[in-house]
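Asks: What follows is the file target.txt, containing compact mmCIF, C-alpha atoms:
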# COMPACT_ATOMS: atom_id res chain seq x y z
CA MET A 97 0.00 0.00 0.00
CA GLN A 98 1.63 3.16 -1.15
CA PHE A 99 0.86 6.09 1.06
CA GLN A 100 -0.22 9.18 -0.75
CA THR A 101 -0.91 12.81 -0.15
CA PHE A 102 -4.34 13.41 -1.55
CA ASP A 103 -4.41 16.40 -3.86
CA GLU A 104 -6.43 17.93 -6.66
CA SER A 105 -5.04 15.62 -9.34
CA TYR A 106 -5.73 12.53 -7.25
CA VAL A 107 -9.31 13.60 -6.64
CA GLU A 108 -9.72 14.41 -10.32
CA ARG A 109 -8.54 10.94 -11.34
CA LEU A 110 -10.85 9.43 -8.77
CA ARG A 111 -13.72 11.49 -10.09
CA SER A 112 -13.00 10.49 -13.69
CA GLY A 113 -13.05 6.80 -12.77
CA ASP A 114 -9.37 6.00 -13.19
CA PHE A 115 -9.20 2.33 -12.20
CA ARG A 116 -5.82 2.36 -10.47
CA THR A 117 -6.65 5.42 -8.45
CA GLN A 118 -9.96 3.94 -7.40
CA GLU A 119 -8.27 0.70 -6.44
CA HIS A 120 -5.73 2.54 -4.34
CA PHE A 121 -8.42 4.70 -2.76
CA VAL A 122 -10.58 1.73 -1.76
CA SER A 123 -7.59 -0.24 -0.46
CA TYR A 124 -6.23 2.69 1.54
CA PHE A 125 -9.47 3.65 3.24
CA SER A 126 -10.95 0.16 3.63
CA GLU A 127 -8.56 -0.69 6.39
CA LEU A 128 -9.10 2.61 8.21
CA ILE A 129 -12.86 2.18 7.93
CA GLN A 130 -12.65 -1.36 9.27
CA LEU A 131 -10.54 -0.23 12.21
CA LYS A 132 -13.10 2.49 12.87
CA LEU A 133 -16.06 0.14 12.67
CA ARG A 134 -14.73 -2.77 14.72
CA SER A 135 -15.19 -0.84 17.96
CA ARG A 136 -18.74 0.12 16.96
CA LEU A 137 -20.23 -2.87 15.18
CA ARG A 138 -19.93 -6.52 16.11
CA SER A 139 -21.30 -8.07 12.96
CA PRO A 140 -18.82 -8.51 10.08
CA GLN A 141 -21.77 -8.22 7.70
CA ALA A 142 -22.86 -4.91 9.20
CA MET A 143 -19.28 -3.64 8.93
CA GLU A 144 -19.09 -4.67 5.31
CA ASP A 145 -22.44 -3.01 4.56
CA VAL A 146 -21.30 0.27 6.10
CA ARG A 147 -17.97 0.10 4.29
CA GLN A 148 -19.57 -0.46 0.91
CA GLU A 149 -22.24 2.19 1.45
CA THR A 150 -19.55 4.67 2.48
CA PHE A 151 -17.59 4.16 -0.71
CA ALA A 152 -20.72 4.25 -2.85
CA ARG A 153 -21.73 7.61 -1.36
CA VAL A 154 -18.21 9.00 -1.63
CA PHE A 155 -18.07 8.22 -5.34
CA VAL A 156 -21.52 9.70 -5.93
CA ALA A 157 -20.63 12.81 -3.94
CA LEU A 158 -17.31 13.32 -5.74
CA ARG A 159 -19.10 13.49 -9.08
CA LYS A 160 -21.04 16.49 -7.87
CA GLU A 161 -19.24 19.74 -8.60
CA GLY A 162 -18.06 21.50 -5.50
CA SER A 163 -18.75 18.60 -3.15
CA LEU A 164 -15.14 18.51 -1.98
CA ARG A 165 -13.75 22.02 -1.69
CA ASN A 166 -10.46 20.96 -0.18
CA PRO A 167 -8.89 17.88 -1.86
CA GLU A 168 -6.30 17.60 0.89
CA ARG A 169 -9.16 16.83 3.28
CA LEU A 170 -10.35 13.83 1.25
CA GLY A 171 -9.74 11.63 4.28
CA SER A 172 -11.97 13.75 6.53
CA PHE A 173 -14.60 13.68 3.78
CA VAL A 174 -14.58 9.88 3.77
CA ASN A 175 -14.66 9.81 7.57
CA SER A 176 -17.68 12.14 7.69
CA ILE A 177 -19.62 10.09 5.19
CA CYS A 178 -18.76 6.95 7.12
CA ASN A 179 -20.06 8.59 10.31
CA ASN A 180 -23.36 9.41 8.58
CA VAL A 181 -23.75 5.88 7.25
CA LEU A 182 -22.97 4.54 10.71
CA LEU A 183 -25.61 6.74 12.34
CA GLU A 184 -28.19 5.55 9.85
CA SER A 185 -27.13 1.99 10.52
CA TYR A 186 -27.72 2.50 14.25
CA ARG A 187 -31.13 4.03 13.68
CA SER A 188 -32.45 1.48 11.26
CA SER A 189 -33.99 -1.54 12.93
CA SER A 190 -32.13 -4.64 11.93
CA ARG A 191 -33.30 -8.17 12.64
CA SER A 192 -32.13 -9.24 16.06
CA SER A 193 -30.17 -12.40 16.37
CA SER A 194 -28.21 -14.04 19.11
CA LEU A 195 -24.49 -13.65 18.79
CA GLU A 196 -24.22 -17.41 19.00
CA GLU A 197 -26.63 -17.94 16.12
CA GLU A 198 -25.01 -15.42 13.82
CA GLU A 199 -22.42 -17.09 11.71
CA GLU A 200 -19.14 -15.32 11.47
CA LYS A 201 -18.47 -14.78 7.81
CA ASP A 202 -14.93 -14.24 6.82
CA LEU A 203 -14.68 -11.28 4.49
CA PRO A 204 -13.31 -12.44 1.16
CA ALA A 205 -9.58 -11.98 1.20
CA ALA A 206 -7.99 -9.91 -1.48
CA ALA A 207 -5.81 -11.81 -3.86
CA VAL A 208 -2.35 -12.03 -2.31
CA ASP A 209 0.71 -12.21 -4.47
CA VAL A 210 3.47 -14.64 -3.62
CA LEU A 211 5.76 -11.91 -2.38
CA GLY A 212 2.94 -10.64 -0.20
CA ALA A 213 2.57 -14.06 1.36
CA VAL A 214 6.29 -14.19 2.05
CA MET A 215 6.16 -10.75 3.67
CA ALA A 216 3.21 -11.84 5.78
CA LYS A 217 5.25 -14.79 7.00
CA GLU A 218 8.18 -12.47 7.73
CA ARG A 219 5.95 -10.19 9.75
CA GLU A 220 4.66 -13.13 11.75
CA GLU A 221 8.23 -14.20 12.48
CA LYS A 222 9.10 -10.68 13.51
CA VAL A 223 6.19 -10.58 15.92
CA ARG A 224 7.25 -13.94 17.32
CA GLU A 225 10.75 -12.58 17.83
CA ILE A 226 9.43 -9.47 19.55
CA LEU A 227 7.23 -11.54 21.83
CA GLU A 228 10.04 -13.93 22.71
CA GLU A 229 12.20 -11.04 23.82
CA LEU A 230 9.54 -9.90 26.23
CA PRO A 231 9.49 -11.12 29.81
CA GLU A 232 7.03 -13.97 30.36
CA ARG A 233 4.81 -11.69 32.38
CA ASP A 234 4.46 -9.20 29.53
CA ARG A 235 3.66 -12.00 27.10
CA ARG A 236 0.96 -13.23 29.43
CA LEU A 237 -0.35 -9.69 29.78
CA LEU A 238 -0.68 -9.35 26.01
CA ARG A 239 -2.33 -12.77 25.80
CA GLU A 240 -4.92 -11.85 28.40
CA VAL A 241 -5.70 -8.54 26.70
CA PHE A 242 -5.64 -9.45 23.01
CA LEU A 243 -6.25 -13.17 22.83
CA GLU A 244 -8.51 -13.84 25.77
CA GLU A 245 -10.00 -10.32 25.53
CA ARG A 246 -10.39 -9.91 29.26
CA GLU A 247 -11.30 -6.53 30.71
CA LYS A 248 -8.13 -4.46 30.71
CA ASP A 249 -8.70 -3.05 34.18
CA ASP A 250 -8.97 -6.56 35.57
CA VAL A 251 -5.89 -7.74 33.72
CA CYS A 252 -3.84 -4.77 34.92
CA ARG A 253 -5.02 -5.31 38.48
CA ASP A 254 -4.15 -9.00 38.34
CA PHE A 255 -0.69 -8.23 37.00
CA GLY A 256 -0.14 -5.32 39.36
CA VAL A 257 0.37 -2.75 36.58
CA ASP A 258 -1.50 0.32 35.44
CA ARG A 259 -3.00 1.12 32.05
CA GLU A 260 -0.01 3.28 31.11
CA TYR A 261 2.24 0.24 31.47
CA LEU A 262 0.08 -1.63 28.99
CA ARG A 263 0.11 1.30 26.57
CA VAL A 264 3.89 1.61 26.74
CA LEU A 265 4.25 -2.15 26.23
CA VAL A 266 2.11 -2.01 23.09
CA TYR A 267 3.88 1.15 21.92
CA ARG A 268 7.37 -0.36 22.21
CA ALA A 269 6.35 -3.61 20.56
CA LYS A 270 4.68 -1.71 17.75
CA GLN A 271 7.77 0.45 17.21
CA SER A 272 9.92 -2.70 16.89
CA PHE A 273 7.47 -4.13 14.41
CA LYS A 274 7.05 -0.93 12.45
CA THR A 275 10.52 -1.08 10.92
CA LEU A 276 9.66 -4.29 9.11
CA TYR A 277 6.21 -3.00 8.26
CA LEU A 278 7.65 0.13 6.67
CA ARG A 279 9.96 -2.01 4.60
CA SER A 280 7.07 -4.12 3.35
CA ILE A 281 5.21 -0.93 2.45
CA ALA A 282 8.20 0.29 0.50
CA THR A 283 8.44 -2.92 -1.51
CA GLY A 284 4.70 -2.81 -2.06
CA SER A 285 4.34 -6.37 -0.84
CA THR A 286 1.55 -6.30 1.67
CA GLY A 287 -0.82 -8.35 -0.40
CA VAL A 288 -2.73 -5.22 -1.41
CA PRO A 289 -2.61 -3.90 -4.97
CA THR A 290 -0.20 -1.02 -5.22
CA VAL A 291 -0.03 1.95 -7.50
CA GLU A 292 3.46 2.53 -8.84
CA LYS A 293 2.91 6.10 -9.84
CA LEU A 294 0.00 8.31 -9.11
CA MET B 288 -6.69 16.89 17.64
CA ASP B 289 -3.56 17.67 15.68
CA HIS B 290 -0.64 15.37 14.95
CA SER B 291 1.57 16.43 17.84
CA GLU B 292 -1.29 15.93 20.28
CA ALA B 293 -1.95 12.48 18.84
CA VAL B 294 1.69 11.50 19.27
CA GLN B 295 2.02 13.03 22.73
CA GLN B 296 -1.10 11.30 23.99
CA LYS B 297 -0.14 7.91 22.47
CA ALA B 298 -3.45 8.11 20.68
CA THR B 299 -2.63 5.12 18.45
CA GLU B 300 -2.23 2.76 21.39
CA LYS B 301 -5.24 4.20 23.20
CA TYR B 302 -7.30 3.87 20.03
CA LEU B 303 -6.41 0.22 19.59
CA LEU B 304 -6.96 -0.51 23.27
CA ASN B 305 -10.35 1.24 23.11
CA GLU B 306 -9.27 3.70 25.77
CA LEU B 307 -10.33 6.91 24.06
CA ASP B 308 -13.64 8.34 25.14
CA PRO B 309 -16.12 8.83 22.28
CA THR B 310 -15.23 12.49 21.79
CA LEU B 311 -11.48 11.91 21.65
CA ARG B 312 -11.99 8.84 19.52
CA ASP B 313 -13.96 10.85 16.98
CA GLN B 314 -11.32 13.59 17.03
CA PHE B 315 -8.53 11.08 16.53
CA GLU B 316 -10.36 9.43 13.64
CA GLU B 317 -10.96 12.81 12.03
CA HIS B 318 -7.20 13.34 12.19
CA LEU B 319 -6.30 9.75 11.30
CA PHE B 320 -8.17 9.78 8.01
CA ASP B 321 -6.18 12.83 6.90
CA CYS B 322 -2.78 12.07 8.43
CA VAL B 323 -0.70 9.57 6.51
CA GLU B 324 1.77 9.18 9.36
CA CYS B 325 -0.85 8.33 11.95
CA ALA B 326 -2.64 6.07 9.50
CA LEU B 327 0.58 4.13 9.02
CA ASP B 328 1.14 4.00 12.77
CA VAL B 329 -2.34 2.66 13.47
CA ARG B 330 -2.12 0.12 10.67
CA ALA B 331 1.26 -1.13 11.91
CA ALA B 332 -0.09 -1.45 15.43
CA ALA B 333 -3.25 -3.21 14.27
CA LEU B 334 -1.21 -5.64 12.20
CA PHE B 335 1.06 -6.27 15.16
CA VAL B 336 -1.93 -7.07 17.37
CA GLU B 337 -3.37 -9.37 14.71
CA HIS B 338 -0.15 -11.34 14.40
CA THR B 339 0.30 -11.37 18.17
CA LYS B 340 -3.03 -13.14 18.59
CA GLY B 341 -1.97 -15.78 16.08
CA VAL B 342 1.43 -16.35 17.64
CA LEU B 343 0.11 -16.45 21.20
CA ALA B 344 -2.70 -18.80 20.21
CA GLU B 345 -0.15 -21.17 18.67
CA SER B 346 2.11 -21.12 21.68
CA HIS B 347 -0.87 -21.69 23.98
CA ALA B 348 -2.08 -24.76 22.09
CA PRO B 349 -0.70 -28.02 23.49
CA SER B 350 1.83 -29.54 21.15
CA PRO B 351 0.87 -32.93 19.73
CA ALA B 352 2.37 -35.90 21.50
CA PRO B 353 5.38 -37.22 19.63
CA ALA B 354 4.74 -40.43 17.74
CA ALA B 355 5.99 -43.51 19.56
CA VAL B 356 9.04 -45.06 17.95
CA PRO B 357 8.77 -48.85 17.73
CA ALA B 358 11.64 -50.60 19.50
CA THR B 359 11.71 -53.63 17.22
CA ALA B 360 11.74 -54.03 13.50
CA LYS B 361 8.66 -52.81 11.69
CA PRO B 362 6.07 -55.58 11.85
CA GLY B 363 3.98 -54.29 8.94
CA MET B 364 0.83 -52.27 8.59
CA LEU B 365 -1.63 -55.01 9.46
CA ALA B 366 0.34 -56.49 12.34
CA TRP B 367 -2.30 -55.37 14.81
CA LEU B 368 -4.72 -57.79 13.26
CA ARG B 369 -2.69 -60.68 14.52
CA PRO B 370 -4.51 -62.62 17.23
CA ALA B 371 -1.85 -61.79 19.79
CA PHE B 372 -2.82 -58.11 19.53
CA ALA B 373 -6.39 -58.20 18.29
CA LEU B 374 -7.89 -60.49 20.91
CA PRO B 375 -6.78 -58.53 24.00
CA LEU B 376 -7.76 -55.30 22.24
CA LEU B 377 -11.22 -56.59 21.44
CA ALA B 378 -11.65 -57.92 24.95
CA THR B 379 -10.73 -54.51 26.37
CA LEU B 380 -13.17 -52.75 24.07
CA LEU B 381 -15.91 -55.18 25.03
CA ALA B 382 -15.25 -54.57 28.71
CA VAL B 383 -15.38 -50.80 28.26
CA ILE B 384 -18.61 -50.93 26.26
CA SER B 385 -20.21 -53.30 28.74
CA TYR B 386 -19.28 -51.13 31.69
CA GLN B 387 -20.66 -48.04 29.98
CA ASN B 388 -23.95 -49.73 29.13
CA LEU B 389 -24.43 -51.61 32.36
CA VAL B 390 -23.11 -49.12 34.87
CA THR B 391 -22.32 -45.64 33.59
CA TYR B 392 -25.39 -44.89 31.48
CA PRO B 393 -27.93 -46.23 33.99
CA LEU B 394 -26.29 -44.11 36.71
CA LEU B 395 -26.39 -41.05 34.48
CA LYS B 396 -30.04 -41.63 33.61
CA GLN B 397 -30.88 -42.11 37.25
CA ALA B 398 -29.08 -38.91 38.18
CA ALA B 399 -30.88 -37.01 35.42
CA ALA B 400 -34.25 -38.22 36.68
CA THR B 401 -33.56 -37.50 40.34
CA PRO B 402 -34.50 -34.08 41.73
CA GLN B 403 -31.39 -32.15 42.72
CA ILE B 404 -31.28 -29.82 45.66
CA ALA B 405 -28.48 -27.36 45.27
CA PRO B 406 -27.61 -24.03 46.87
CA TRP B 407 -28.35 -20.87 44.94
CA ALA B 408 -27.32 -17.28 44.71
CA SER B 409 -29.07 -14.39 43.04
CA ILE B 410 -27.70 -11.37 41.26
CA HIS B 411 -29.68 -8.28 40.40
CA VAL B 412 -28.09 -6.54 37.46
CA SER B 413 -28.08 -2.83 37.95
CA THR B 414 -26.02 0.03 36.62
CA ARG B 415 -23.63 -0.30 39.53
CA GLY B 416 -22.00 -3.48 40.79
CA ALA B 417 -23.39 -4.96 43.96
CA SER B 418 -21.48 -6.36 46.94
CA THR B 419 -20.01 -9.86 46.78
CA ILE B 420 -22.56 -12.64 47.11
CA GLN B 421 -21.72 -15.95 48.69
CA VAL B 422 -22.68 -19.49 47.89
CA SER B 423 -21.56 -22.68 49.66
CA PRO B 424 -21.97 -25.83 47.58
CA HIS B 425 -20.73 -29.15 48.84
CA ALA B 426 -17.78 -30.78 47.11
CA GLY B 427 -19.05 -32.39 43.90
CA GLN B 428 -22.18 -30.27 43.95
CA GLY B 429 -22.91 -27.31 41.73
CA PHE B 430 -25.09 -24.31 42.45
CA HIS B 431 -27.82 -22.28 40.83
CA LEU B 432 -27.26 -18.70 39.80
CA LEU B 433 -30.38 -16.60 39.39
CA VAL B 434 -29.59 -13.53 37.34
CA ASN B 435 -32.24 -10.83 37.33
CA ILE B 436 -31.87 -8.30 34.51
CA PRO B 437 -34.43 -5.48 34.63
CA PRO B 438 -35.79 -5.05 31.08
CA GLU B 439 -35.22 -1.31 31.14
CA ASN B 440 -33.03 -1.03 28.06
CA SER B 441 -33.77 -2.09 24.54
CA PHE B 442 -31.19 -4.82 24.29
CA ALA B 443 -31.71 -7.67 21.89
CA SER B 444 -29.60 -10.10 23.86
CA TYR B 445 -27.42 -10.47 26.92
CA THR B 446 -24.04 -12.16 27.18
CA LEU B 447 -22.96 -13.62 30.49
CA SER B 448 -19.42 -14.79 31.20
CA LEU B 449 -18.16 -16.51 34.31
CA SER B 450 -14.48 -16.16 35.23
CA SER B 451 -12.70 -18.30 37.79
CA PRO B 452 -10.75 -16.89 40.74
CA SER B 453 -7.61 -17.00 38.55
CA GLY B 454 -9.32 -14.87 35.94
CA LYS B 455 -9.82 -17.57 33.33
CA VAL B 456 -13.14 -17.41 31.53
CA GLN B 457 -15.01 -20.64 32.35
CA TRP B 458 -17.90 -20.17 29.99
CA THR B 459 -19.81 -17.57 28.06
CA ARG B 460 -23.51 -17.79 27.26
CA THR B 461 -25.79 -15.54 25.27
CA THR B 462 -29.49 -15.27 25.96
CA GLU B 463 -32.20 -13.46 24.06
CA ALA B 464 -33.84 -10.54 25.84
CA ILE B 465 -37.49 -11.25 26.61
CA ALA B 466 -39.62 -8.34 27.78
CA THR B 467 -41.79 -10.47 30.01
CA ASP B 468 -39.03 -12.50 31.60
CA ASP B 469 -36.18 -10.81 33.35
CA THR B 470 -34.71 -13.67 35.38
CA ARG B 471 -32.26 -16.27 34.11
CA SER B 472 -31.44 -19.43 35.99
CA ILE B 473 -28.01 -20.88 35.35
CA PHE B 474 -26.79 -24.11 36.89
CA VAL B 475 -23.05 -23.92 37.53
CA PRO B 476 -21.78 -27.52 37.56
CA SER B 477 -19.37 -28.83 40.15
CA ALA B 478 -16.75 -29.93 37.63
CA GLY B 479 -13.74 -27.70 38.04
CA LEU B 480 -15.44 -25.65 40.74
CA GLU B 481 -12.86 -24.23 43.13
CA GLN B 482 -12.90 -22.18 46.29
CA GLY B 483 -12.54 -18.48 45.67
CA THR B 484 -14.18 -15.46 44.13
CA TYR B 485 -15.73 -15.93 40.71
CA THR B 486 -16.79 -13.03 38.56
CA LEU B 487 -19.91 -12.87 36.42
CA SER B 488 -19.80 -10.20 33.74
CA VAL B 489 -22.98 -9.15 31.99
CA ARG B 490 -23.14 -7.31 28.67
CA GLY B 491 -26.15 -6.14 26.74
CA THR B 492 -26.16 -6.12 22.95
CA ALA B 493 -28.46 -3.84 21.00
CA ALA B 494 -30.07 -4.89 17.73
CA ALA B 495 -27.53 -2.81 15.81
CA GLY B 496 -24.69 -4.66 17.45
CA GLU B 497 -23.50 -2.14 20.05
CA THR B 498 -22.56 -3.73 23.34
CA THR B 499 -22.82 -2.18 26.77
CA ASP B 500 -21.23 -3.48 29.94
CA LEU B 501 -23.93 -3.97 32.53
CA GLY B 502 -21.59 -4.85 35.35
CA ARG B 503 -19.30 -7.38 36.91
CA TYR B 504 -20.51 -9.30 39.95
CA SER B 505 -18.39 -11.14 42.46
CA ILE B 506 -19.50 -14.54 43.70
CA GLU B 507 -17.61 -16.01 46.60
CA VAL B 508 -17.72 -19.79 46.36
CA GLN B 509 -17.02 -21.67 49.61
CA VAL B 510 -16.82 -25.37 48.85
CA GLN B 511 -17.86 -27.44 51.82
CA ASN B 512 -16.42 -30.90 52.34
So that I can check it, write out the structure of this file as structure tokens.

Replies:
Amino acid sequence: MQFQTFDESYVERLRSGDFRTQEHFVSYFSELIQLKLRSRLRSPQAMEDVRQETFARVFVALRKEGSLRNPERLGSFVNSICNNVLLESYRSSSRSSSLEEEEEKDLPAAAVDVLGAVMAKEREEKVREILEELPERDRRLLREVFLEEREKDDVCRDFGVDREYLRVLVYRAKQSFKTLYLRSIATGSTGVPTVEKL
Amino acid sequence: MDHSEAVQQKATEKYLLNELDPTLRDQFEEHLFDCVECALDVRAAALFVEHTKGVLAESHAPSPAPAAVPATAKPGMLAWLRPAFALPLLATLLAVISYQNLVTYPLLKQAAATPQIAPWASIHVSTRGASTIQVSPHAGQGFHLLVNIPPENSFASYTLSLSSPSGKVQWTRTTEAIATDDTRSIFVPSAGLEQGTYTLSVRGTAAAGETTDLGRYSIEVQVQN
């Protein structure tokens, strides 16, 4: 995923339907939208519905003259539309179903190139390495928080640490991981279609 | 929120740990969607967390028992069919099946048909946690947990989780919200029951999928011998 500064020419290409730009746009914002929605919606289907509706409305809005006065704020524009779709999603009455009855549907994975798969394996190894360097207690702390999804206050109390300790732990681990992640971004091998030149 | 504030406040970590209040979260997202640097930071952190779950889940799973290495020369694939092996094996299987049918199943059926008297404890779910309740089952005996949830909020379902004194989640159950019935009876079996303070957490889930914590309730279990 190549990171871009969104400007007038980018928005113009998006507006005109340039395939590569659209692909990049959807890839870039899909992940941010999913991160945003995961703390608000439990159902993968609901998240996918909101994501798709957001993009549909963004494309419709962009075709209207004057809808986006400041191209550099394209991200905020997407975020605002996503907020509106989310509000409507909350208001509309959906069929209720028990969490146990609702089947978890895996979202279809994007096609992953071979190099992307190798990079994914490298990232996993890097994470393993980072975790192995941590004291056993910190590994257990991360397991309780992220894998067993226990209440963080309870976990911190059980381990005799405060929330800041947990934040710093995650921050340091992320910083160690980020070096490799940045490299995979640079080679364009994250399994997401890249745009060589925009 | 501008970029320096986001960095100073460790907004990325707080965002991923769901520690930002709704206002700050919205402000951070407003910034995140426009800031390439923060977007990269959040994505790296999210990817790290995702891989961490995978790695920790692998290391937590028990490794398969190593295959036994035969001490003598390989007897061949069908060697177990030889009478020397097959007859004792069949006799053992027959004994196990007979015991199950003649002893175990009748006892289980009898137990299922016999009224059980067990201690009970009740919890009234309110917006604030109540004091610790106590229950004293005998060893090998479970207890009933009556959970009263006032149908004040428009939840579609409730999720109840029981954690052991060591913090491990024993079970999680989801029940549909029924306007006319606000009490749930849960039988907590004796298997694995230990002395100490258990915690019952209750969450409500709205039709749109939002969850709300309705409280955590301490249950002090005193196993009597």

Asks: Given the point (-28.9, -25.2, 36.1) in the file's coordinates, find the residues that have an atom at most 6 Å from it, counting all atoms listed in the file, and give them as number ranges by chain.

Replies: B: 431, 473-474

Asks: Please, could you write that set of residues out with C-alpha atoms as a PDB file, in the coordinates of the input?

Replies:
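Heads up, here's the output in selection08.pdb:
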ATOM      1  CA  HIS B 431     -27.820 -22.280  40.830  1.00  0.00           C
ATOM      2  CA  ILE B 473     -28.010 -20.880  35.350  1.00  0.00           C
ATOM      3  CA  PHE B 474     -26.790 -24.110  36.890  1.00  0.00           C
TER       4      PHE B 474
END

Asks: Got a sec to check which residues sit within 10 Å of (4.7, 4.4, 23.9), counting all atoms listed in the file, and write them as a list of chain:residue names?

Replies: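 Here is the list of nearby residues: A:Glu260, A:Tyr261, A:Leu262, A:Arg263, A:Val264, A:Leu265, A:Val266, A:Tyr267, A:Arg268, A:Ala269, A:Lys270, A:Gln271, B:Val294, B:Gln295, B:Gln296, B:Lys297, B:Ala298, B:Thr299, B:Glu300, B:Lys301.
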
Asks: Which residues are close to Arg246 (chain A), i.e. within 10 Å by all atoms listed in the file, leaving aside same-chain residues fewer than 3 positions away? Reply as JSON, numbers by chain.

Replies: {"A": [239, 240, 241, 242, 243, 249, 250, 251], "B": [450, 454, 455, 456]}

Asks: Take the residues just selected and output them with C-alpha atoms as an mmCIF file, in the coordinates of the input.

Replies:
data_model
loop_
_atom_site.group_PDB
_atom_site.id
_atom_site.type_symbol
_atom_site.label_atom_id
_atom_site.label_comp_id
_atom_site.auth_asym_id
_atom_site.auth_seq_id
_atom_site.Cartn_x
_atom_site.Cartn_y
_atom_site.Cartn_z
ATOM 1 C CA ARG A 239 -2.330 -12.770 25.800
ATOM 2 C CA GLU A 240 -4.920 -11.850 28.400
ATOM 3 C CA VAL A 241 -5.700 -8.540 26.700
ATOM 4 C CA PHE A 242 -5.640 -9.450 23.010
ATOM 5 C CA LEU A 243 -6.250 -13.170 22.830
ATOM 6 C CA ASP A 249 -8.700 -3.050 34.180
ATOM 7 C CA ASP A 250 -8.970 -6.560 35.570
ATOM 8 C CA VAL A 251 -5.890 -7.740 33.720
ATOM 9 C CA SER B 450 -14.480 -16.160 35.230
ATOM 10 C CA GLY B 454 -9.320 -14.870 35.940
ATOM 11 C CA LYS B 455 -9.820 -17.570 33.330
ATOM 12 C CA VAL B 456 -13.140 -17.410 31.530
#

Asks: Nearest to chain A: which of B:Ala332, B:Leu311, B:Ala371, B:Val390 is it, counting all atoms listed in the file?

Replies: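 Closest candidate: B:Ala332.
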
Asks: Select from chain B every residue with an atom at most 6 Å from any atom of chain A, then for each give the shortest pair of atoms and their distance in Å to one decimal, using only C-alpha atoms, rows by chain and rising number, as a tab-separated table.

Replies:
residue	atom	partner	partner_atom	distance
B:Glu300	CA	A:Arg263	CA	5.9
B:Glu317	CA	A:Ser172	CA	5.7
B:Phe320	CA	A:Gly171	CA	4.4
B:Asp321	CA	A:Gly171	CA	4.6
B:Ala331	CA	A:Lys274	CA	5.8
B:Ala332	CA	A:Lys270	CA	5.3
B:His338	CA	A:Glu220	CA	5.8
B:Lys340	CA	A:Leu243	CA	5.3
B:Ala494	CA	A:Ser192	CA	5.1
B:Ala495	CA	A:Tyr186	CA	5.5
B:Gly496	CA	A:Arg138	CA	5.3
B:Glu497	CA	A:Leu137	CA	5.9

Asks: Quick one: residues within 9 Å of Ser488 (chain B), only C-alpha atoms counted, chain neighbours fewer than 5 positions away excluded, as a CSV table (one decimal) with C-alpha atoms, in the frame of the given file?

Replies:
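Once written, part.csv looks like this:
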chain,number,residue,atom,x,y,z
B,446,THR,CA,-24.0,-12.2,27.2
B,447,LEU,CA,-23.0,-13.6,30.5
B,448,SER,CA,-19.4,-14.8,31.2
B,449,LEU,CA,-18.2,-16.5,34.3
B,450,SER,CA,-14.5,-16.2,35.2
B,500,ASP,CA,-21.2,-3.5,29.9
B,501,LEU,CA,-23.9,-4.0,32.5
B,502,GLY,CA,-21.6,-4.8,35.4
B,503,ARG,CA,-19.3,-7.4,36.9
B,504,TYR,CA,-20.5,-9.3,40.0
B,505,SER,CA,-18.4,-11.1,42.5

Asks: Quick one: pull the distance between CA of Glu144 (chain A) and CA of Gln130 (chain A), Å, one decimal.

Replies: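 Computing it gives 8.3 Å between the two atoms.
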
Asks: Can you save region 332-341 of chain B of the given block to a file, including N, CA and C atoms and formatted as a tab-separated table (two decimals), in the first residue's frame?

Replies:
chain	number	residue	atom	x	y	z
B	332	ALA	N	0.29	-0.95	14.11
B	332	ALA	CA	-0.09	-1.45	15.43
B	332	ALA	C	-1.19	-2.51	15.31
B	333	ALA	N	-2.16	-2.26	14.43
B	333	ALA	CA	-3.25	-3.21	14.27
B	333	ALA	C	-2.73	-4.53	13.71
B	334	LEU	N	-1.80	-4.43	12.79
B	334	LEU	CA	-1.21	-5.64	12.20
B	334	LEU	C	-0.40	-6.39	13.25
B	335	PHE	N	0.29	-5.65	14.08
B	335	PHE	CA	1.06	-6.27	15.16
B	335	PHE	C	0.13	-7.05	16.09
B	336	VAL	N	-0.98	-6.42	16.46
B	336	VAL	CA	-1.93	-7.07	17.37
B	336	VAL	C	-2.50	-8.33	16.72
B	337	GLU	N	-2.80	-8.23	15.43
B	337	GLU	CA	-3.37	-9.37	14.71
B	337	GLU	C	-2.39	-10.55	14.71
B	338	HIS	N	-1.15	-10.27	14.41
B	338	HIS	CA	-0.15	-11.34	14.40
B	338	HIS	C	0.12	-11.86	15.80
B	339	THR	N	0.07	-10.96	16.77
B	339	THR	CA	0.30	-11.37	18.17
B	339	THR	C	-0.73	-12.42	18.59
B	340	LYS	N	-1.98	-12.19	18.22
B	340	LYS	CA	-3.03	-13.14	18.59
B	340	LYS	C	-2.71	-14.52	18.00
B	341	GLY	N	-2.29	-14.52	16.73
B	341	GLY	CA	-1.97	-15.78	16.08
B	341	GLY	C	-0.82	-16.50	16.76
